[in-house]
>>> print(open('input_23.cif').read())   # mmCIF, C-alpha atoms and all ligand atoms
data_structure
loop_
_atom_site.group_PDB
_atom_site.id
_atom_site.type_symbol
_atom_site.label_atom_id
_atom_site.label_comp_id
_atom_site.auth_asym_id
_atom_site.auth_seq_id
_atom_site.Cartn_x
_atom_site.Cartn_y
_atom_site.Cartn_z
ATOM 1 C CA MET J 275 1.763 1.085 -2.376
ATOM 2 C CA SER J 276 5.401 2.100 -2.496
ATOM 3 C CA PHE J 277 8.433 1.071 -0.503
ATOM 4 C CA ASP J 278 9.297 3.391 2.385
ATOM 5 C CA PRO J 279 12.189 2.044 4.494
ATOM 6 C CA ASN J 280 11.416 4.567 7.271
ATOM 7 C CA LYS J 281 8.006 3.057 7.876
ATOM 8 C CA LEU J 282 9.230 -0.510 8.283
ATOM 9 C CA PRO J 283 10.205 -2.381 11.435
ATOM 10 C CA PRO J 284 13.814 -3.588 11.688
ATOM 11 C CA ARG J 285 14.742 -6.873 10.026
ATOM 12 C CA PRO J 286 13.720 -9.915 12.098
ATOM 13 C CA GLU J 287 16.069 -12.364 13.838
ATOM 14 C CA LEU J 288 16.151 -16.090 13.160
ATOM 15 C CA PHE J 289 15.342 -18.365 16.078
ATOM 16 C CA ASP J 290 14.848 -22.060 16.620
ATOM 17 C CA PHE J 291 11.213 -23.125 16.465
ATOM 18 C CA HIS J 292 10.513 -26.845 17.040
ATOM 19 C CA GLY J 293 13.939 -27.568 15.578
ATOM 20 C CA VAL J 294 13.539 -25.329 12.483
ATOM 21 C CA SER J 295 15.008 -21.827 11.962
ATOM 22 C CA MET J 296 12.133 -19.392 11.673
ATOM 23 C CA ILE J 297 11.223 -15.710 12.039
ATOM 24 C CA HIS J 298 8.303 -14.481 14.076
ATOM 25 C CA TYR J 299 6.206 -13.413 11.061
ATOM 26 C CA PHE J 300 5.712 -17.110 10.341
ATOM 27 C CA THR J 301 5.245 -18.338 13.904
ATOM 28 C CA ASP J 302 3.207 -15.576 15.617
ATOM 29 C CA ASN J 303 -0.023 -17.076 14.296
ATOM 30 C CA TRP J 304 1.048 -20.684 14.949
ATOM 31 C CA GLU J 305 -1.946 -21.882 17.012
ATOM 32 C CA ASN J 306 -4.504 -20.375 14.640
ATOM 33 C CA VAL J 307 -2.692 -21.785 11.635
ATOM 34 C CA GLN J 308 -2.485 -25.211 13.224
ATOM 35 C CA ASP J 309 -6.275 -25.029 13.756
ATOM 36 C CA PHE J 310 -6.883 -24.163 10.091
ATOM 37 C CA GLN J 311 -9.910 -26.058 8.809
ATOM 38 C CA ALA J 312 -9.023 -27.402 5.382
ATOM 39 C CA ARG J 313 -11.755 -28.492 2.990
ATOM 40 C CA PRO J 314 -11.453 -31.647 0.901
ATOM 41 C CA ASP J 315 -11.100 -29.667 -2.333
ATOM 42 C CA ASP J 316 -8.455 -27.255 -1.009
ATOM 43 C CA ILE J 317 -5.170 -27.383 -2.912
ATOM 44 C CA LEU J 318 -1.972 -26.723 -1.022
ATOM 45 C CA ILE J 319 1.159 -25.562 -2.861
ATOM 46 C CA ALA J 320 4.141 -26.361 -0.668
ATOM 47 C CA THR J 321 7.692 -25.285 -1.393
ATOM 48 C CA TYR J 322 10.960 -24.254 0.138
ATOM 49 C CA SER J 323 11.249 -20.502 -0.529
ATOM 50 C CA LYS J 324 12.460 -19.489 -4.000
ATOM 51 C CA SER J 325 11.592 -22.781 -5.663
ATOM 52 C CA GLY J 326 8.937 -21.563 -8.080
ATOM 53 C CA THR J 327 5.997 -21.063 -5.706
ATOM 54 C CA THR J 328 4.661 -18.035 -7.554
ATOM 55 C CA TRP J 329 5.054 -19.706 -10.933
ATOM 56 C CA VAL J 330 3.052 -22.775 -9.904
ATOM 57 C CA SER J 331 0.532 -20.620 -8.007
ATOM 58 C CA TYR J 332 -0.083 -18.707 -11.228
ATOM 59 C CA ILE J 333 -0.406 -21.889 -13.262
ATOM 60 C CA LEU J 334 -2.998 -23.359 -10.915
ATOM 61 C CA ASP J 335 -4.879 -20.091 -10.627
ATOM 62 C CA LEU J 336 -5.073 -19.763 -14.418
ATOM 63 C CA LEU J 337 -6.039 -23.405 -14.875
ATOM 64 C CA TYR J 338 -8.968 -22.992 -12.492
ATOM 65 C CA PHE J 339 -9.974 -19.351 -12.798
ATOM 66 C CA GLY J 340 -8.288 -18.014 -15.945
ATOM 67 C CA HIS J 341 -11.621 -17.211 -17.542
ATOM 68 C CA THR J 342 -12.942 -15.129 -14.624
ATOM 69 C CA GLY J 343 -10.928 -11.977 -15.263
ATOM 70 C CA ARG J 344 -9.576 -11.705 -11.737
ATOM 71 C CA GLN J 345 -6.029 -12.030 -13.083
ATOM 72 C CA THR J 346 -6.219 -8.377 -14.100
ATOM 73 C CA SER J 347 -7.499 -7.104 -10.759
ATOM 74 C CA VAL J 348 -6.383 -9.354 -7.878
ATOM 75 C CA PRO J 349 -2.656 -9.805 -7.143
ATOM 76 C CA ILE J 350 -1.397 -13.352 -6.920
ATOM 77 C CA PHE J 351 -0.624 -13.115 -3.189
ATOM 78 C CA LYS J 352 -4.326 -12.475 -2.569
ATOM 79 C CA ARG J 353 -5.497 -15.177 -4.963
ATOM 80 C CA VAL J 354 -3.191 -17.731 -3.375
ATOM 81 C CA PRO J 355 -2.715 -16.732 0.281
ATOM 82 C CA PHE J 356 0.435 -17.554 2.192
ATOM 83 C CA LEU J 357 -1.025 -19.571 5.060
ATOM 84 C CA GLU J 358 1.440 -18.950 7.890
ATOM 85 C CA ILE J 359 2.276 -15.285 7.344
ATOM 86 C CA ILE J 360 1.139 -12.617 9.767
ATOM 87 C CA HIS J 361 2.392 -9.080 9.265
ATOM 88 C CA PRO J 362 1.027 -5.583 9.975
ATOM 89 C CA ALA J 363 1.216 -4.512 6.323
ATOM 90 C CA LEU J 364 0.229 -7.823 4.768
ATOM 91 C CA GLY J 365 -2.375 -9.195 7.166
ATOM 92 C CA SER J 366 -2.931 -12.792 8.151
ATOM 93 C CA GLY J 367 -2.600 -15.477 5.501
ATOM 94 C CA LYS J 368 -4.807 -17.755 7.551
ATOM 95 C CA ASP J 369 -7.630 -15.175 7.572
ATOM 96 C CA MET J 370 -7.157 -14.606 3.845
ATOM 97 C CA ALA J 371 -7.381 -18.345 3.223
ATOM 98 C CA ASP J 372 -10.476 -18.609 5.427
ATOM 99 C CA ASN J 373 -12.115 -15.836 3.422
ATOM 100 C CA LEU J 374 -11.160 -16.973 -0.078
ATOM 101 C CA PRO J 375 -14.301 -16.865 -2.204
ATOM 102 C CA THR J 376 -13.074 -19.440 -4.709
ATOM 103 C CA SER J 377 -13.685 -23.115 -4.968
ATOM 104 C CA PRO J 378 -11.267 -24.764 -4.836
ATOM 105 C CA ARG J 379 -9.167 -22.592 -2.565
ATOM 106 C CA ILE J 380 -5.509 -22.565 -3.578
ATOM 107 C CA ILE J 381 -3.231 -21.931 -0.614
ATOM 108 C CA LYS J 382 0.540 -21.753 -0.355
ATOM 109 C CA THR J 383 2.918 -22.700 2.427
ATOM 110 C CA HIS J 384 6.657 -22.861 2.962
ATOM 111 C CA TYR J 385 6.314 -25.096 5.992
ATOM 112 C CA PRO J 386 8.442 -28.203 6.306
ATOM 113 C CA VAL J 387 6.116 -31.195 6.099
ATOM 114 C CA GLN J 388 5.887 -31.745 9.870
ATOM 115 C CA PHE J 389 4.408 -28.238 10.385
ATOM 116 C CA VAL J 390 1.449 -28.635 8.008
ATOM 117 C CA PRO J 391 -1.902 -28.278 9.825
ATOM 118 C CA LYS J 392 -3.481 -31.637 10.538
ATOM 119 C CA SER J 393 -6.723 -30.928 8.702
ATOM 120 C CA PHE J 394 -4.963 -30.985 5.292
ATOM 121 C CA TRP J 395 -4.041 -34.615 5.918
ATOM 122 C CA ASP J 396 -7.401 -35.483 7.505
ATOM 123 C CA GLN J 397 -9.239 -34.065 4.488
ATOM 124 C CA ASN J 398 -6.873 -35.830 2.089
ATOM 125 C CA CYS J 399 -6.262 -32.528 0.246
ATOM 126 C CA ARG J 400 -4.295 -32.446 -2.960
ATOM 127 C CA ILE J 401 -0.824 -31.048 -2.395
ATOM 128 C CA VAL J 402 1.612 -29.841 -5.048
ATOM 129 C CA TYR J 403 5.214 -29.721 -3.835
ATOM 130 C CA VAL J 404 7.717 -27.799 -5.970
ATOM 131 C CA ALA J 405 11.448 -28.327 -5.467
ATOM 132 C CA ARG J 406 14.371 -26.512 -7.074
ATOM 133 C CA ASN J 407 18.047 -27.410 -7.156
ATOM 134 C CA PRO J 408 19.814 -25.960 -4.113
ATOM 135 C CA LYS J 409 22.415 -23.913 -5.966
ATOM 136 C CA ASP J 410 19.854 -21.848 -7.849
ATOM 137 C CA THR J 411 17.671 -21.776 -4.735
ATOM 138 C CA VAL J 412 20.399 -20.293 -2.558
ATOM 139 C CA VAL J 413 21.260 -17.669 -5.198
ATOM 140 C CA SER J 414 17.622 -16.694 -5.554
ATOM 141 C CA TYR J 415 17.164 -16.635 -1.763
ATOM 142 C CA PHE J 416 20.230 -14.407 -1.370
ATOM 143 C CA HIS J 417 18.859 -11.775 -3.764
ATOM 144 C CA PHE J 418 15.431 -12.116 -2.198
ATOM 145 C CA GLY J 419 16.997 -11.421 1.209
ATOM 146 C CA ARG J 420 18.457 -8.209 -0.177
ATOM 147 C CA MET J 421 15.101 -6.880 -1.352
ATOM 148 C CA ASN J 422 12.700 -8.424 1.195
ATOM 149 C CA THR J 423 12.697 -6.512 4.456
ATOM 150 C CA LEU J 424 10.891 -9.436 6.122
ATOM 151 C CA GLU J 425 14.028 -11.531 5.802
ATOM 152 C CA PRO J 426 17.038 -11.301 8.113
ATOM 153 C CA GLU J 427 19.905 -9.349 6.498
ATOM 154 C CA PRO J 428 21.556 -11.733 4.014
ATOM 155 C CA GLY J 429 25.042 -10.302 4.616
ATOM 156 C CA ASP J 430 27.989 -11.510 2.630
ATOM 157 C CA TRP J 431 27.497 -14.131 -0.133
ATOM 158 C CA SER J 432 30.092 -16.624 1.145
ATOM 159 C CA ASP J 433 28.626 -16.477 4.689
ATOM 160 C CA TYR J 434 25.202 -16.867 3.176
ATOM 161 C CA ILE J 435 26.133 -20.130 1.399
ATOM 162 C CA ARG J 436 27.564 -21.437 4.679
ATOM 163 C CA ARG J 437 24.333 -20.582 6.519
ATOM 164 C CA PHE J 438 22.299 -22.278 3.788
ATOM 165 C CA MET J 439 24.387 -25.445 4.171
ATOM 166 C CA ASP J 440 23.881 -25.226 7.957
ATOM 167 C CA GLY J 441 20.133 -24.807 7.594
ATOM 168 C CA LYS J 442 20.213 -21.352 9.182
ATOM 169 C CA MET J 443 17.630 -19.955 6.815
ATOM 170 C CA VAL J 444 14.010 -18.947 7.256
ATOM 171 C CA PHE J 445 12.064 -22.258 7.063
ATOM 172 C CA GLY J 446 15.193 -24.139 8.039
ATOM 173 C CA SER J 447 17.282 -26.576 6.093
ATOM 174 C CA TRP J 448 16.594 -26.940 2.372
ATOM 175 C CA TYR J 449 17.958 -30.505 2.641
ATOM 176 C CA ASP J 450 15.471 -31.459 5.380
ATOM 177 C CA HIS J 451 12.635 -29.717 3.536
ATOM 178 C CA VAL J 452 12.990 -31.465 0.173
ATOM 179 C CA ASN J 453 13.734 -34.813 1.821
ATOM 180 C CA GLY J 454 10.901 -34.529 4.338
ATOM 181 C CA TRP J 455 8.351 -33.877 1.618
ATOM 182 C CA TRP J 456 9.853 -36.566 -0.650
ATOM 183 C CA LYS J 457 9.464 -39.101 2.139
ATOM 184 C CA LYS J 458 5.865 -38.023 2.721
ATOM 185 C CA LYS J 459 5.097 -38.761 -0.914
ATOM 186 C CA GLN J 460 5.825 -42.447 -0.275
ATOM 187 C CA THR J 461 2.851 -42.700 2.130
ATOM 188 C CA TYR J 462 0.514 -39.877 1.033
ATOM 189 C CA SER J 463 -0.728 -40.450 -2.484
ATOM 190 C CA ASN J 464 -2.382 -37.054 -2.997
ATOM 191 C CA LEU J 465 1.011 -35.368 -3.262
ATOM 192 C CA HIS J 466 2.435 -34.300 -6.632
ATOM 193 C CA TYR J 467 6.184 -33.660 -6.294
ATOM 194 C CA MET J 468 7.521 -31.567 -9.140
ATOM 195 C CA PHE J 469 10.737 -29.760 -10.052
ATOM 196 C CA TYR J 470 11.434 -26.184 -11.162
ATOM 197 C CA GLU J 471 13.924 -27.505 -13.716
ATOM 198 C CA ASP J 472 11.279 -29.720 -15.363
ATOM 199 C CA LEU J 473 8.911 -26.792 -15.523
ATOM 200 C CA ALA J 474 11.597 -24.664 -17.158
ATOM 201 C CA GLU J 475 12.451 -27.430 -19.615
ATOM 202 C CA ASP J 476 8.902 -28.101 -20.783
ATOM 203 C CA THR J 477 6.152 -26.041 -19.161
ATOM 204 C CA GLY J 478 3.415 -27.603 -21.307
ATOM 205 C CA ARG J 479 4.386 -31.142 -20.285
ATOM 206 C CA GLU J 480 4.350 -30.191 -16.597
ATOM 207 C CA ILE J 481 0.964 -28.502 -16.975
ATOM 208 C CA ASP J 482 -0.351 -31.735 -18.492
ATOM 209 C CA LYS J 483 0.929 -33.637 -15.457
ATOM 210 C CA LEU J 484 -0.667 -31.118 -13.114
ATOM 211 C CA CYS J 485 -3.989 -31.423 -14.930
ATOM 212 C CA SER J 486 -3.882 -35.158 -14.649
ATOM 213 C CA PHE J 487 -3.025 -34.982 -10.921
ATOM 214 C CA LEU J 488 -5.812 -32.461 -10.303
ATOM 215 C CA GLY J 489 -8.331 -34.368 -12.430
ATOM 216 C CA LEU J 490 -8.770 -31.374 -14.738
ATOM 217 C CA SER J 491 -9.609 -31.631 -18.394
ATOM 218 C CA ARG J 492 -8.614 -28.517 -20.288
ATOM 219 C CA SER J 493 -8.538 -28.057 -24.042
ATOM 220 C CA ASP J 494 -5.190 -27.770 -25.829
ATOM 221 C CA GLU J 495 -6.047 -24.158 -26.526
ATOM 222 C CA GLU J 496 -6.675 -23.389 -22.834
ATOM 223 C CA LYS J 497 -3.476 -25.109 -21.797
ATOM 224 C CA LYS J 498 -1.557 -23.170 -24.424
ATOM 225 C CA ARG J 499 -3.014 -19.937 -23.051
ATOM 226 C CA VAL J 500 -1.876 -20.873 -19.552
ATOM 227 C CA THR J 501 1.608 -21.833 -20.786
ATOM 228 C CA GLU J 502 1.966 -18.477 -22.516
ATOM 229 C CA GLY J 503 0.468 -16.543 -19.595
ATOM 230 C CA VAL J 504 2.993 -17.943 -17.144
ATOM 231 C CA HIS J 505 6.043 -17.353 -19.300
ATOM 232 C CA PHE J 506 8.676 -15.524 -17.236
ATOM 233 C CA ASP J 507 8.621 -12.399 -19.431
ATOM 234 C CA ASN J 508 4.848 -12.128 -19.128
ATOM 235 C CA MET J 509 4.790 -12.651 -15.371
ATOM 236 C CA LYS J 510 7.652 -10.211 -14.897
ATOM 237 C CA LYS J 511 5.732 -7.367 -16.468
ATOM 238 C CA ASP J 512 2.370 -8.359 -14.988
ATOM 239 C CA LYS J 513 1.631 -6.177 -11.922
ATOM 240 C CA MET J 514 -0.658 -8.873 -10.554
ATOM 241 C CA ALA J 515 2.176 -11.428 -10.621
ATOM 242 C CA ASN J 516 5.411 -9.509 -10.020
ATOM 243 C CA TYR J 517 4.696 -8.392 -6.447
ATOM 244 C CA SER J 518 5.171 -4.738 -7.341
ATOM 245 C CA GLU J 519 2.156 -4.043 -5.113
ATOM 246 C CA VAL J 520 3.906 -5.375 -2.000
ATOM 247 C CA PRO J 521 5.068 -2.560 0.316
ATOM 248 C CA ILE J 522 7.834 -4.524 2.065
ATOM 249 C CA PHE J 523 9.914 -5.257 -1.045
ATOM 250 C CA ASP J 524 12.731 -2.937 -2.084
ATOM 251 C CA PHE J 525 12.815 -3.306 -5.866
ATOM 252 C CA LYS J 526 15.863 -1.069 -6.090
ATOM 253 C CA MET J 527 17.856 -3.947 -4.597
ATOM 254 C CA SER J 528 16.451 -6.705 -6.812
ATOM 255 C CA PRO J 529 13.227 -7.519 -8.662
ATOM 256 C CA PHE J 530 11.083 -10.402 -7.394
ATOM 257 C CA MET J 531 10.997 -11.869 -10.897
ATOM 258 C CA ARG J 532 14.755 -11.770 -11.104
ATOM 259 C CA LYS J 533 16.144 -14.116 -13.784
ATOM 260 C CA GLY J 534 13.932 -17.186 -13.849
ATOM 261 C CA LYS J 535 16.743 -19.417 -15.121
ATOM 262 C CA VAL J 536 18.241 -22.801 -14.389
ATOM 263 C CA GLY J 537 21.993 -22.458 -13.864
ATOM 264 C CA ASP J 538 22.305 -18.824 -12.765
ATOM 265 C CA TRP J 539 24.298 -20.219 -9.808
ATOM 266 C CA LYS J 540 27.285 -20.378 -12.164
ATOM 267 C CA ASN J 541 27.386 -16.582 -12.095
ATOM 268 C CA HIS J 542 27.646 -16.569 -8.295
ATOM 269 C CA PHE J 543 29.579 -19.607 -7.057
ATOM 270 C CA SER J 544 33.365 -19.675 -7.268
ATOM 271 C CA VAL J 545 34.881 -23.033 -8.248
ATOM 272 C CA ALA J 546 35.938 -23.622 -4.616
ATOM 273 C CA GLN J 547 32.483 -22.715 -3.291
ATOM 274 C CA SER J 548 30.867 -25.065 -5.780
ATOM 275 C CA GLU J 549 33.158 -27.943 -4.820
ATOM 276 C CA GLN J 550 32.555 -27.436 -1.106
ATOM 277 C CA PHE J 551 28.831 -27.206 -1.677
ATOM 278 C CA ASP J 552 28.799 -30.432 -3.729
ATOM 279 C CA GLU J 553 30.815 -32.298 -1.136
ATOM 280 C CA ASP J 554 28.430 -31.234 1.615
ATOM 281 C CA TYR J 555 25.438 -32.022 -0.631
ATOM 282 C CA ASN J 556 26.646 -35.576 -1.229
ATOM 283 C CA LYS J 557 26.920 -36.162 2.508
ATOM 284 C CA LYS J 558 23.417 -34.883 3.209
ATOM 285 C CA MET J 559 21.482 -36.137 0.184
ATOM 286 C CA THR J 560 21.833 -39.885 0.536
ATOM 287 C CA ASP J 561 18.453 -40.893 -0.920
ATOM 288 C CA VAL J 562 19.356 -41.714 -4.523
ATOM 289 C CA THR J 563 15.705 -41.691 -5.557
ATOM 290 C CA LEU J 564 15.636 -37.893 -5.171
ATOM 291 C CA GLN J 565 17.699 -36.299 -7.937
ATOM 292 C CA PHE J 566 18.176 -32.613 -8.768
ATOM 293 C CA ARG J 567 19.456 -31.033 -11.942
ATOM 294 C CA THR J 568 21.644 -27.932 -11.737
ATOM 295 C CA GLU J 569 21.496 -27.457 -15.502
ATOM 296 C CA ILE J 570 19.128 -28.448 -18.271
HETATM 297 P P1 LIG J 601 15.215 -16.246 -9.546
HETATM 298 O O1 LIG J 601 15.502 -15.407 -8.340
HETATM 299 O O2 LIG J 601 16.270 -17.293 -9.774
HETATM 300 O O3 LIG J 601 14.950 -15.446 -10.764
HETATM 301 P P2 LIG J 601 9.247 -18.235 -5.367
HETATM 302 O O4 LIG J 601 8.040 -17.845 -6.124
HETATM 303 O O5 LIG J 601 9.189 -19.608 -4.782
HETATM 304 O O6 LIG J 601 9.651 -17.195 -4.381
HETATM 305 O O7 LIG J 601 10.446 -18.362 -6.421
HETATM 306 C C1 LIG J 601 10.954 -17.222 -7.056
HETATM 307 C C2 LIG J 601 11.885 -17.664 -8.158
HETATM 308 O O8 LIG J 601 11.094 -18.234 -9.215
HETATM 309 C C3 LIG J 601 12.660 -16.506 -8.751
HETATM 310 O O9 LIG J 601 13.884 -17.080 -9.232
HETATM 311 C C4 LIG J 601 11.726 -16.104 -9.882
HETATM 312 O O10 LIG J 601 12.332 -15.323 -10.882
HETATM 313 C C5 LIG J 601 11.344 -17.492 -10.402
HETATM 314 N N1 LIG J 601 10.142 -17.459 -11.232
HETATM 315 C C6 LIG J 601 8.948 -16.896 -10.957
HETATM 316 N N2 LIG J 601 8.119 -17.004 -12.001
HETATM 317 C C7 LIG J 601 8.804 -17.660 -12.962
HETATM 318 C C8 LIG J 601 8.493 -18.058 -14.313
HETATM 319 N N3 LIG J 601 7.312 -17.797 -14.846
HETATM 320 N N4 LIG J 601 9.450 -18.705 -15.015
HETATM 321 C C9 LIG J 601 10.649 -18.969 -14.472
HETATM 322 N N5 LIG J 601 11.009 -18.611 -13.217
HETATM 323 C C10 LIG J 601 10.088 -17.954 -12.475
#
>>> encode(input="input_23.cif", output="structure tokens")
Amino acid sequence: MSFDPNKLPPRPELFDFHGVSMIHYFTDNWENVQDFQARPDDILIATYSKSGTTWVSYILDLLYFGHTGRQTSVPIFKRVPFLEIIHPALGSGKDMADNLPTSPRIIKTHYPVQFVPKSFWDQNCRIVYVARNPKDTVVSYFHFGRMNTLEPEPGDWSDYIRRFMDGKMVFGSWYDHVNGWWKKKQTYSNLHYMFYEDLAEDTGREIDKLCSFLGLSRSDEEKKRVTEGVHFDNMKKDKMANYSEVPIFDFKMSPFMRKGKVGDWKNHFSVAQSEQFDEDYNKKMTDVTLQFRTEI
């Protein structure tokens, strides 16, 4: 499938949905998604957009199903469906999740914690939350907005940072998202909260932690294979992982696997923008137990 801008609907508008900025592609199927019937062994990967969702999806998929060969024939967005999406060219994530043939089913969501369908909690499903520092997240989201025709137009970079700080992004405020999920972790023990920066620093160590959370025993050799398989350079050239099969992405604007670095924000923020951002961050992020690293 190739990108044809003439065959695509116009970019969507943001609107307020239960207090969170959203676009209709993620709310049109709301009732059905809320009724989703989770199974006890389902695994939910939850993230704010651009925080390493695809990376962790690939890790989990390889840990569970790496030996089955589907990594050469089924793209990652079909292996790990995006629960709340509904789109003419991409289908319904909820239907894809319902029809997943695997056990366990690995499902992704960008919902803030209060939007997660009740059955995930009732079934005590394992949930992996991935968070990324906001400066790299906003840079990544900006470039994603340029290439993803499902996103509202990103516009000018300095306006974009302002909108990010104001929470006027698809899936709402990054600050509310990471804090909401962090708070949930205090009462819901089946939640593994991890950081993009830790994964970048030592992928093997983070895979060990994931295995222990998921109750998986994998040989050193298998874990090494997964670590190598999910290296940025390998995922970038892997058609099953780099989203090159997705018809709504304009790769002339930016690749999906863009840089994969911690600290790329330094190439985008001016000194003044960085200072303003930090000042605003310190006002919003008052829980000292939740710490982000903007460099490693
Ligand atoms: P950049 O735009 O900074 O490069 P998500 O999957 O949540 O949409 O996140 C996408 C971001 O994760 C992109 O960041 C992408 O390059 C990065 N990413 C994806 N796979 C990665 C990997 N294997 N290693 C490092 N970063 C990765």
>>> residues_near_ligand(input="input_23.cif", ligand="ligand LIG 601 (chain J)", cutoff="6 Å", atoms="all atoms listed in the file", output="PyMOL selection string")
chain J and resi 323-329+414+504-506+509+531-535
>>> closest_residue(input="input_23.cif", among="J:Pro391, J:Leu374, J:Ser331, J:Val444", to="Phe291 in chain J", atoms="all atoms listed in the file")
J:Val444
>>> atom_distance(input="input_23.cif", atom1="CA of Met296 in chain J", atom2="CA of Gly446 in chain J")
6.7 Å
>>> resolve_selection(input="input_23.cif", expression="the PyMOL selection byres (((chain J and resi 459) around 12) and not hetatm)", output="list in words")
Val387, Arg400, Ile401, Val402, Tyr403, Val452, Asn453, Gly454, Trp455, Trp456, Lys457, Lys458, Gln460, Thr461, Tyr462, Ser463, Asn464, Leu465, His466, Tyr467, Met468, Thr563 and Leu564 of chain J
>>> residues_near_point(input="input_23.cif", point="(-0.8, -19.8, -19.8)", cutoff="10 Å", atoms="all atoms listed in the file", output="PyMOL selection string")
chain J and resi 332-334+336-337+340+477-478+481+495-505+508
>>> write_last_selection(input="input_23.cif", atoms="C-alpha atoms", output="PDB file, keeping the file's coordinate frame")
ATOM      1  CA  TYR J 332      -0.083 -18.707 -11.228  1.00  0.00           C
ATOM      2  CA  ILE J 333      -0.406 -21.889 -13.262  1.00  0.00           C
ATOM      3  CA  LEU J 334      -2.998 -23.359 -10.915  1.00  0.00           C
ATOM      4  CA  LEU J 336      -5.073 -19.763 -14.418  1.00  0.00           C
ATOM      5  CA  LEU J 337      -6.039 -23.405 -14.875  1.00  0.00           C
ATOM      6  CA  GLY J 340      -8.288 -18.014 -15.945  1.00  0.00           C
ATOM      7  CA  THR J 477       6.152 -26.041 -19.161  1.00  0.00           C
ATOM      8  CA  GLY J 478       3.415 -27.603 -21.307  1.00  0.00           C
ATOM      9  CA  ILE J 481       0.964 -28.502 -16.975  1.00  0.00           C
ATOM     10  CA  GLU J 495      -6.047 -24.158 -26.526  1.00  0.00           C
ATOM     11  CA  GLU J 496      -6.675 -23.389 -22.834  1.00  0.00           C
ATOM     12  CA  LYS J 497      -3.476 -25.109 -21.797  1.00  0.00           C
ATOM     13  CA  LYS J 498      -1.557 -23.170 -24.424  1.00  0.00           C
ATOM     14  CA  ARG J 499      -3.014 -19.937 -23.051  1.00  0.00           C
ATOM     15  CA  VAL J 500      -1.876 -20.873 -19.552  1.00  0.00           C
ATOM     16  CA  THR J 501       1.608 -21.833 -20.786  1.00  0.00           C
ATOM     17  CA  GLU J 502       1.966 -18.477 -22.516  1.00  0.00           C
ATOM     18  CA  GLY J 503       0.468 -16.543 -19.595  1.00  0.00           C
ATOM     19  CA  VAL J 504       2.993 -17.943 -17.144  1.00  0.00           C
ATOM     20  CA  HIS J 505       6.043 -17.353 -19.300  1.00  0.00           C
ATOM     21  CA  ASN J 508       4.848 -12.128 -19.128  1.00  0.00           C
TER      22      ASN J 508
END
>>> atom_distance(input="input_23.cif", atom1="CA of Tyr517 in chain J", atom2="CA of Phe351 in chain J")
7.8 Å
